[in-house]
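In what follows, a single structure is set out as structure tokens and then discussed.
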Amino acid sequence: MSGRVWLTLAVLLLSGCRIVSQQPLVELKNPPNPQMANIDQVWQQKLVPQLTAEAKPLATLIKSLQSAKGFDSACQSYGYRS
């Protein structure tokens, strides 16, 4: 009985694994998006300044969101909904 349990457990654990040939492995390591190659630079030069410029105090934001008519109108007024 315990042999069947171990076999079932092993099959379940290995079912999430997949064998990848060399070419897809290279593609996974080197994404086709050129922006992903220098993500640290993009983060520091573009995203961090935008976040610091548009950041609002949390208490003010929560109060504004609670007083808004709906979630969609609040997203249009105080940010954007992705």
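Order determines the names: the first chain of the structure tokens is A, the second B, and so forth; residues in each chain are numbered 1 upward, and ligands are numbered 1 upward as they are shown.
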> Could you name the residues that touch segment 67-80 of chain A at 12 Å or less, counting only C-alpha atoms, but leaving out those on the same chain fewer than 5 positions away, as a VMD selection string?
Replying inline: chain A and resid 51 54 to 58 60 to 62
Convert the current residue selection to file output with C-alpha atoms, as an mmCIF file, in the first residue's frame.
```cif
data_model
loop_
_atom_site.group_PDB
_atom_site.id
_atom_site.type_symbol
_atom_site.label_atom_id
_atom_site.label_comp_id
_atom_site.auth_asym_id
_atom_site.auth_seq_id
_atom_site.Cartn_x
_atom_site.Cartn_y
_atom_site.Cartn_z
ATOM 1 C CA LEU A 51 6.809 56.301 -8.912
ATOM 2 C CA GLU A 54 3.228 60.270 -8.756
ATOM 3 C CA ALA A 55 3.162 58.723 -5.280
ATOM 4 C CA LYS A 56 0.462 59.938 -2.893
ATOM 5 C CA PRO A 57 0.175 59.428 0.862
ATOM 6 C CA LEU A 58 -1.725 56.227 1.587
ATOM 7 C CA THR A 60 -5.150 60.466 1.473
ATOM 8 C CA LEU A 61 -5.508 57.916 -1.287
ATOM 9 C CA ILE A 62 -7.719 55.614 0.789
#
```
Can you pull out every residue from chain A that DSSP, working from the backbone, puts in alpha helix (DSSP H), and format the result as a ChimeraX atom specification?
/A:2-14,22-29,39-42,48-54,58-67,71-78
